[in-house]
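Below: query_10.txt (compact mmCIF, C-alpha atoms)
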# COMPACT_ATOMS: atom_id res chain seq x y z
CA MET A 1 9.79 -22.32 3.73
CA THR A 2 11.00 -20.01 6.49
CA ASN A 3 10.83 -17.22 3.96
CA SER A 4 7.14 -17.96 3.32
CA ILE A 5 6.32 -17.81 7.02
CA LEU A 6 8.32 -14.60 7.35
CA ALA A 7 6.36 -13.10 4.44
CA LEU A 8 3.07 -13.87 6.20
CA VAL A 9 4.32 -12.38 9.48
CA PHE A 10 5.70 -9.21 7.85
CA GLY A 11 2.46 -8.86 5.90
CA ALA A 12 0.43 -9.17 9.08
CA PHE A 13 2.44 -6.44 10.81
CA PHE A 14 2.19 -4.30 7.68
CA GLY A 15 -1.59 -4.67 7.55
CA PHE A 16 -1.85 -4.09 11.29
CA SER A 17 0.06 -0.80 11.13
CA LEU A 18 -1.98 0.34 8.10
CA ASN A 19 -5.19 -0.37 9.97
CA LYS A 20 -4.07 1.38 13.15
CA ALA A 21 -2.96 4.45 11.21
CA GLY A 22 -6.45 4.52 9.65
CA LEU A 23 -5.16 4.03 6.11
CA THR A 24 -7.75 1.33 5.47
CA LYS A 25 -10.41 4.04 5.40
CA TYR A 26 -11.50 5.97 2.32
CA ASN A 27 -11.74 9.33 4.08
CA LYS A 28 -8.15 9.21 5.41
CA ILE A 29 -6.70 8.67 1.95
CA VAL A 30 -8.76 11.24 0.12
CA ASN A 31 -8.48 13.87 2.84
CA VAL A 32 -4.73 14.02 2.47
CA PHE A 33 -5.36 15.30 -1.06
CA ARG A 34 -7.76 17.89 0.36
CA PHE A 35 -5.23 18.88 3.06
CA THR A 36 -7.81 18.36 5.82
CA ASP A 37 -6.13 15.30 7.39
CA LEU A 38 -2.44 14.66 6.87
CA ALA A 39 -2.29 11.25 8.61
CA VAL A 40 -1.19 9.50 5.40
CA LEU A 41 1.78 11.82 4.96
CA LYS A 42 2.76 11.61 8.63
CA PHE A 43 2.56 7.82 8.51
CA MET A 44 4.48 7.45 5.24
CA MET A 45 7.20 9.90 6.13
CA THR A 46 7.74 8.46 9.63
CA ALA A 47 8.04 4.97 8.16
CA LEU A 48 10.47 6.30 5.54
CA VAL A 49 12.67 8.13 8.02
CA VAL A 50 12.83 5.21 10.49
CA ALA A 51 13.49 2.65 7.76
CA MET A 52 16.03 4.66 5.76
CA SER A 53 18.13 5.61 8.79
CA GLY A 54 17.95 2.08 10.16
CA LEU A 55 18.80 0.43 6.86
CA TYR A 56 21.71 2.69 6.03
CA ALA A 57 23.10 2.34 9.57
CA LEU A 58 22.86 -1.46 9.44
CA ARG A 59 24.44 -1.57 5.98
CA GLY A 60 27.23 0.65 7.27
CA LEU A 61 27.82 -1.83 10.08
CA GLY A 62 27.86 -4.66 7.55
CA VAL A 63 24.82 -6.42 9.02
CA LEU A 64 22.77 -6.52 5.82
CA ASN A 65 22.90 -5.97 2.06
CA PHE A 66 20.34 -4.05 0.07
CA PRO A 67 18.01 -5.99 -2.24
CA ASN A 68 17.47 -4.77 -5.80
CA VAL A 69 16.71 -1.07 -5.71
CA PRO A 70 13.61 -0.24 -7.84
CA ALA A 71 14.74 0.85 -11.29
CA THR A 72 14.63 4.51 -12.21
CA TYR A 73 13.08 5.44 -15.53
CA ILE A 74 11.88 8.98 -15.22
CA ALA A 75 8.98 8.92 -17.71
CA GLY A 76 7.60 5.63 -16.40
CA ASN A 77 7.81 6.50 -12.72
CA LEU A 78 6.26 9.93 -13.24
CA LEU A 79 3.52 8.78 -15.62
CA GLY A 80 2.72 5.82 -13.39
CA GLY A 81 2.51 8.14 -10.40
CA LEU A 82 0.23 10.53 -12.25
CA ILE A 83 -2.24 7.78 -13.21
CA PHE A 84 -1.93 6.19 -9.78
CA GLY A 85 -2.99 9.40 -8.03
CA VAL A 86 -6.26 9.44 -9.98
CA GLY A 87 -7.11 5.91 -8.84
CA MET A 88 -6.01 6.65 -5.30
CA ALA A 89 -8.25 9.71 -4.96
CA LEU A 90 -11.16 7.83 -6.53
CA THR A 91 -11.08 4.64 -4.46
CA GLY A 92 -9.22 5.55 -1.32
CA TYR A 93 -6.82 2.62 -1.68
CA MET B 1 2.44 -3.31 30.17
CA LYS B 2 -1.19 -2.37 30.77
CA PHE B 3 -0.55 0.88 28.97
CA ILE B 4 0.71 -0.98 25.90
CA LEU B 5 -2.30 -3.31 25.86
CA ASN B 6 -4.68 -0.40 26.14
CA TYR B 7 -2.87 1.34 23.30
CA ILE B 8 -3.21 -1.72 21.08
CA ARG B 9 -6.97 -1.70 21.70
CA LYS B 10 -7.30 1.90 20.52
CA GLU B 11 -9.00 2.23 17.14
CA GLU B 12 -6.68 4.88 15.82
CA TRP B 13 -3.05 5.27 16.72
CA SER B 14 -0.95 8.32 16.26
CA PRO B 15 0.29 8.04 12.66
CA TYR B 16 3.82 8.57 13.97
CA VAL B 17 3.65 5.45 16.17
CA ALA B 18 2.15 3.36 13.36
CA GLY B 19 4.79 4.74 10.99
CA ILE B 20 7.60 3.73 13.35
CA LEU B 21 6.14 0.20 13.48
CA LEU B 22 6.04 0.00 9.68
CA GLY B 23 9.57 1.37 9.40
CA LEU B 24 10.86 -1.32 11.79
CA VAL B 25 9.01 -4.03 9.88
CA GLY B 26 10.58 -2.72 6.66
CA ILE B 27 14.07 -2.95 8.16
CA VAL B 28 13.54 -6.48 9.52
CA ALA B 29 12.05 -7.59 6.16
CA VAL B 30 15.19 -6.48 4.31
CA TRP B 31 17.43 -7.96 7.01
CA LEU B 32 15.87 -11.42 7.37
CA SER B 33 14.40 -12.14 3.94
CA ASP B 34 16.25 -9.72 1.66
CA SER B 35 12.92 -8.48 0.23
CA LEU B 36 10.94 -5.28 0.10
CA LEU B 37 7.35 -4.86 1.27
CA GLY B 38 4.91 -4.41 -1.60
CA ALA B 39 1.33 -5.07 -2.58
CA SER B 40 0.59 -4.46 -6.25
CA GLY B 41 3.04 -7.01 -7.64
CA ALA B 42 1.15 -9.85 -5.98
CA PHE B 43 -1.96 -9.19 -8.07
CA GLU B 44 0.13 -9.36 -11.23
CA ASN B 45 1.69 -12.65 -10.09
CA ILE B 46 -1.76 -14.12 -9.55
CA ALA B 47 -3.10 -12.65 -12.82
CA GLY B 48 -0.12 -14.14 -14.64
CA MET B 49 -0.79 -17.54 -13.11
CA ILE B 50 -4.46 -17.50 -14.14
CA GLY B 51 -3.60 -16.08 -17.56
CA LYS B 52 -1.01 -18.76 -18.26
CA ALA B 53 -3.59 -21.43 -17.47
CA VAL B 54 -6.44 -19.90 -19.48
CA ALA B 55 -4.72 -18.28 -22.47
CA PRO B 56 -1.03 -19.29 -22.54
CA ALA B 57 -0.34 -17.59 -25.89
CA ALA B 58 -1.60 -14.17 -24.79
CA PHE B 59 0.48 -14.28 -21.61
CA ASP B 60 3.67 -15.58 -23.23
CA ASN B 61 5.40 -12.22 -23.34
CA MET B 62 8.39 -10.51 -21.74
CA TYR B 63 6.38 -8.91 -18.97
CA PHE B 64 4.86 -12.07 -17.56
CA ASN B 65 7.89 -14.26 -18.28
CA PHE B 66 10.62 -12.14 -16.74
CA ILE B 67 9.44 -8.94 -15.02
CA MET B 68 6.46 -10.35 -13.15
CA PRO B 69 6.85 -14.13 -13.01
CA PRO B 70 3.52 -15.86 -12.28
CA GLY B 71 3.00 -18.05 -9.24
CA ILE B 72 2.65 -17.92 -5.48
CA THR B 73 5.54 -15.58 -4.77
CA TYR B 74 6.81 -13.90 -1.63
CA GLY B 75 4.63 -10.92 -2.51
CA VAL B 76 1.45 -13.00 -2.68
CA LEU B 77 2.06 -14.44 0.79
CA LEU B 78 2.84 -10.95 2.05
CA LEU B 79 -0.52 -9.76 0.71
CA VAL B 80 -2.32 -12.61 2.49
CA GLY B 81 -0.58 -11.46 5.66
CA VAL B 82 -1.65 -7.86 5.03
CA PHE B 83 -5.27 -8.97 4.75
CA PHE B 84 -5.20 -10.84 8.05
CA GLY B 85 -3.08 -8.17 9.73
CA GLY B 86 -5.69 -5.57 8.86
CA MET B 87 -8.42 -7.85 10.21
CA ILE B 88 -6.49 -8.37 13.45
CA GLY B 89 -5.98 -4.62 13.75
CA ALA B 90 -9.71 -3.98 13.40
CA ALA B 91 -10.58 -6.88 15.72
CA THR B 92 -8.36 -5.58 18.53
CA SER B 93 -10.31 -2.32 18.55
CA ASN B 94 -13.71 -4.01 18.02
CA THR B 95 -14.29 -2.16 14.75
CA LEU B 96 -14.30 -5.22 12.51
CA LEU B 97 -17.27 -4.85 10.16
CA TRP B 98 -16.98 -8.28 8.50
CA GLY B 99 -20.50 -9.57 7.81
CA LYS B 100 -22.19 -6.69 9.61
CA LYS B 101 -25.02 -4.61 8.18
CA GLY B 102 -23.89 -1.71 5.99
CA ALA B 103 -20.31 -2.93 5.97
CA SER B 104 -19.94 -2.73 2.19
CA ASN B 105 -20.53 1.02 2.20
CA SER B 106 -19.62 2.23 5.66
CA ASP B 107 -17.76 5.47 5.03
CA GLU B 108 -19.83 8.55 5.94
CA GLN B 109 -17.79 10.89 3.77
CA TRP B 110 -18.08 8.60 0.76
CA LYS B 111 -21.86 8.41 1.17
CA ARG B 112 -22.11 12.18 1.39
CA ILE B 113 -20.25 12.67 -1.88
CA PHE B 114 -21.38 9.74 -4.01
CA GLY B 115 -24.61 8.52 -2.38
CA PRO B 116 -25.52 5.54 -0.17
CA GLN B 117 -25.85 2.91 -2.96
CA VAL B 118 -23.68 -0.15 -2.47
CA TRP B 119 -23.36 -0.90 -6.21
CA LYS B 120 -21.82 2.55 -6.75
CA ARG B 121 -19.19 1.81 -4.12
CA TRP B 122 -18.33 -1.50 -5.75
CA ALA B 123 -18.33 -0.09 -9.28
CA LEU B 124 -16.09 2.82 -8.37
CA ALA B 125 -13.76 0.57 -6.39
CA PHE B 126 -13.50 -1.76 -9.40
CA ILE B 127 -12.75 1.04 -11.88
CA GLY B 128 -10.36 2.77 -9.51
CA ALA B 129 -8.54 -0.49 -8.83
CA ILE B 130 -8.01 -1.04 -12.57
CA ILE B 131 -6.47 2.43 -12.81
CA LEU B 132 -4.31 1.77 -9.73
CA GLU B 133 -2.99 -1.58 -10.85
CA TYR B 134 -2.30 -0.38 -14.40
CA ALA B 135 -0.41 2.64 -13.07
CA ALA B 136 1.54 0.50 -10.62
CA GLY B 137 2.55 -1.70 -13.54
CA ILE B 138 3.88 1.30 -15.46
CA ALA B 139 5.71 2.83 -12.52
CA GLY B 140 7.10 -0.42 -11.16
CA GLY B 141 5.32 -0.39 -7.81
CA CYS B 142 2.59 1.14 -5.70
CA THR B 143 2.50 3.24 -2.55
CA SER B 144 4.03 0.48 -0.45
CA GLY B 145 6.25 -1.27 -2.96
CA LEU B 146 7.73 1.78 -4.61
CA ALA B 147 7.05 4.90 -2.54
CA ILE B 148 7.81 3.47 0.92
CA SER B 149 10.09 0.50 0.16
CA GLY B 150 11.94 2.28 -2.63
CA GLY B 151 12.09 5.49 -0.64
CA MET B 152 13.78 3.80 2.30
CA LEU B 153 16.59 2.72 -0.03
CA LEU B 154 16.67 6.32 -1.32
CA ALA B 155 15.68 5.22 -4.84
CA PRO B 156 15.01 8.24 -7.09
CA ALA B 157 12.12 6.30 -8.67
CA ALA B 158 10.20 6.44 -5.39
CA PHE B 159 10.36 10.22 -5.10
CA LEU B 160 9.36 10.74 -8.74
CA PHE B 161 6.41 8.45 -8.09
CA ILE B 162 5.36 10.34 -4.93
CA MET B 163 5.51 13.62 -6.88
CA GLY B 164 3.26 12.30 -9.62
CA MET B 165 0.91 10.64 -7.16
CA PHE B 166 0.26 13.77 -5.14
CA ALA B 167 0.01 16.06 -8.17
CA SER B 168 -2.75 14.07 -9.82
CA GLY B 169 -4.34 13.00 -6.54
CA ILE B 170 -4.87 16.59 -5.49
CA LEU B 171 -6.25 17.44 -8.93
CA THR B 172 -8.67 14.50 -8.88
CA ALA B 173 -9.87 15.34 -5.36
CA LEU B 174 -10.36 18.93 -6.51
CA ILE B 175 -12.57 17.78 -9.40
CA ILE B 176 -14.59 15.34 -7.27
CA TYR B 177 -15.16 17.69 -4.35
CA ARG B 178 -15.38 20.97 -6.31
CA LYS B 179 -16.89 23.55 -3.94
CA GLN B 180 -16.57 21.33 -0.88
CA TYR B 181 -12.80 21.12 -1.34
As structure tokens, please, write out the structure in this file.
Amino acid sequence: MTNSILALVFGAFFGFSLNKAGLTKYNKIVNVFRFTDLAVLKFMMTALVVAMSGLYALRGLGVLNFPNVPATYIAGNLLGGLIFGVGMALTGY
Amino acid sequence: MKFILNYIRKEEWSPYVAGILLGLVGIVAVWLSDSLLGASGAFENIAGMIGKAVAPAAFDNMYFNFIMPPGITYGVLLLVGVFFGGMIGAATSNTLLWGKKGASNSDEQWKRIFGPQVWKRWALAFIGAIILEYAAGIAGGCTSGLAISGGMLLAPAAFLFIMGMFASGILTALIIYRKQY
């Protein structure tokens, strides 16, 4: 039950940050592929850097454990990424 | 305090500030609920649930039984939150277009490239979404679930996915925009 409420709250913050970064707009997404607006990259990489340093620090302190790390299968991840990019540039998801 | 309130009302934040917010949410999500943020899995959970009700035989396979179990999962609730979070974000800056005229095709750049027709926008969104969801199924996640959430655990899968995504994204944009690239 608490987990369900937490999911809704995390989702809301997630959606809020996406909206404020402008990632809910078609032009932001497609312009990163045209190199005219790099907001998507800046947003993604900042989130990555903050989260990875925070998570590894907290794990080092023994505060939390990592959930299941997404499985690596090179062909699948690469092929999926390649098809995904086509959809992303088309729709601006 | 007033400064913070005014900043919340701004339509567009610095991507660095928004990124820090998302990073913190990602950390707290792992800490409190031992889960990663993700979006594409939720659609598969819902599709599995509908599929099991409509055509149980067709959906009785490994993928829908074990990899993507059907039902209202954590991911589905997260996606509901994302929807409302995005609405709240737009509402705070008074840019919410819900129910307003021209809201279904509001992007100037899109109209310049593809035309002002609403049906085109919907058709392309539908086709593109099929491609996206199929690809997310193959790769094991989307931009949020694999690239960001996997990347923050330093999963190699995430970086392979980002490589593929940008390679084909750039190529597709190049084809669509041709001379205007």
Up to 10 Å from (7.2, -8.9, 10.0) in the file's coordinates: name the residues, counting all atoms listed in the file, as a list in words. Ile5, Leu6, Ala7, Leu8, Val9, Phe10, Gly11, Ala12, Phe13 and Phe14 of chain A; Leu21, Leu22, Leu24, Val25, Gly26, Ile27, Val28, Ala29, Leu32, Ser33, Leu37, Leu78 and Gly81 of chain B
Chain A residues within 6 Å of chain B, counting all atoms listed in the file: which ones, as number ranges by chain? A: 7-8, 11-17, 19-21, 33, 39, 42-43, 46-48, 50-52, 55, 64, 67, 72, 76-78, 80-87, 89-91
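Nearest residue to A:Val40, choosing from A:Asn65, A:Thr24, A:Asn3, A:Ser53 and counting only C-alpha atoms: A:Thr24.
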Please compute the atom CA of B:Asn45-atom CA of A:Lys28 distance, one decimal, in Å.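 According to the coordinates, atom CA of B:Asn45 and atom CA of A:Lys28 are separated by 28.5 Å.
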Expressed in Å, the length from atom CA of A:Tyr26 to atom CA of A:Leu79 is 23.6 Å
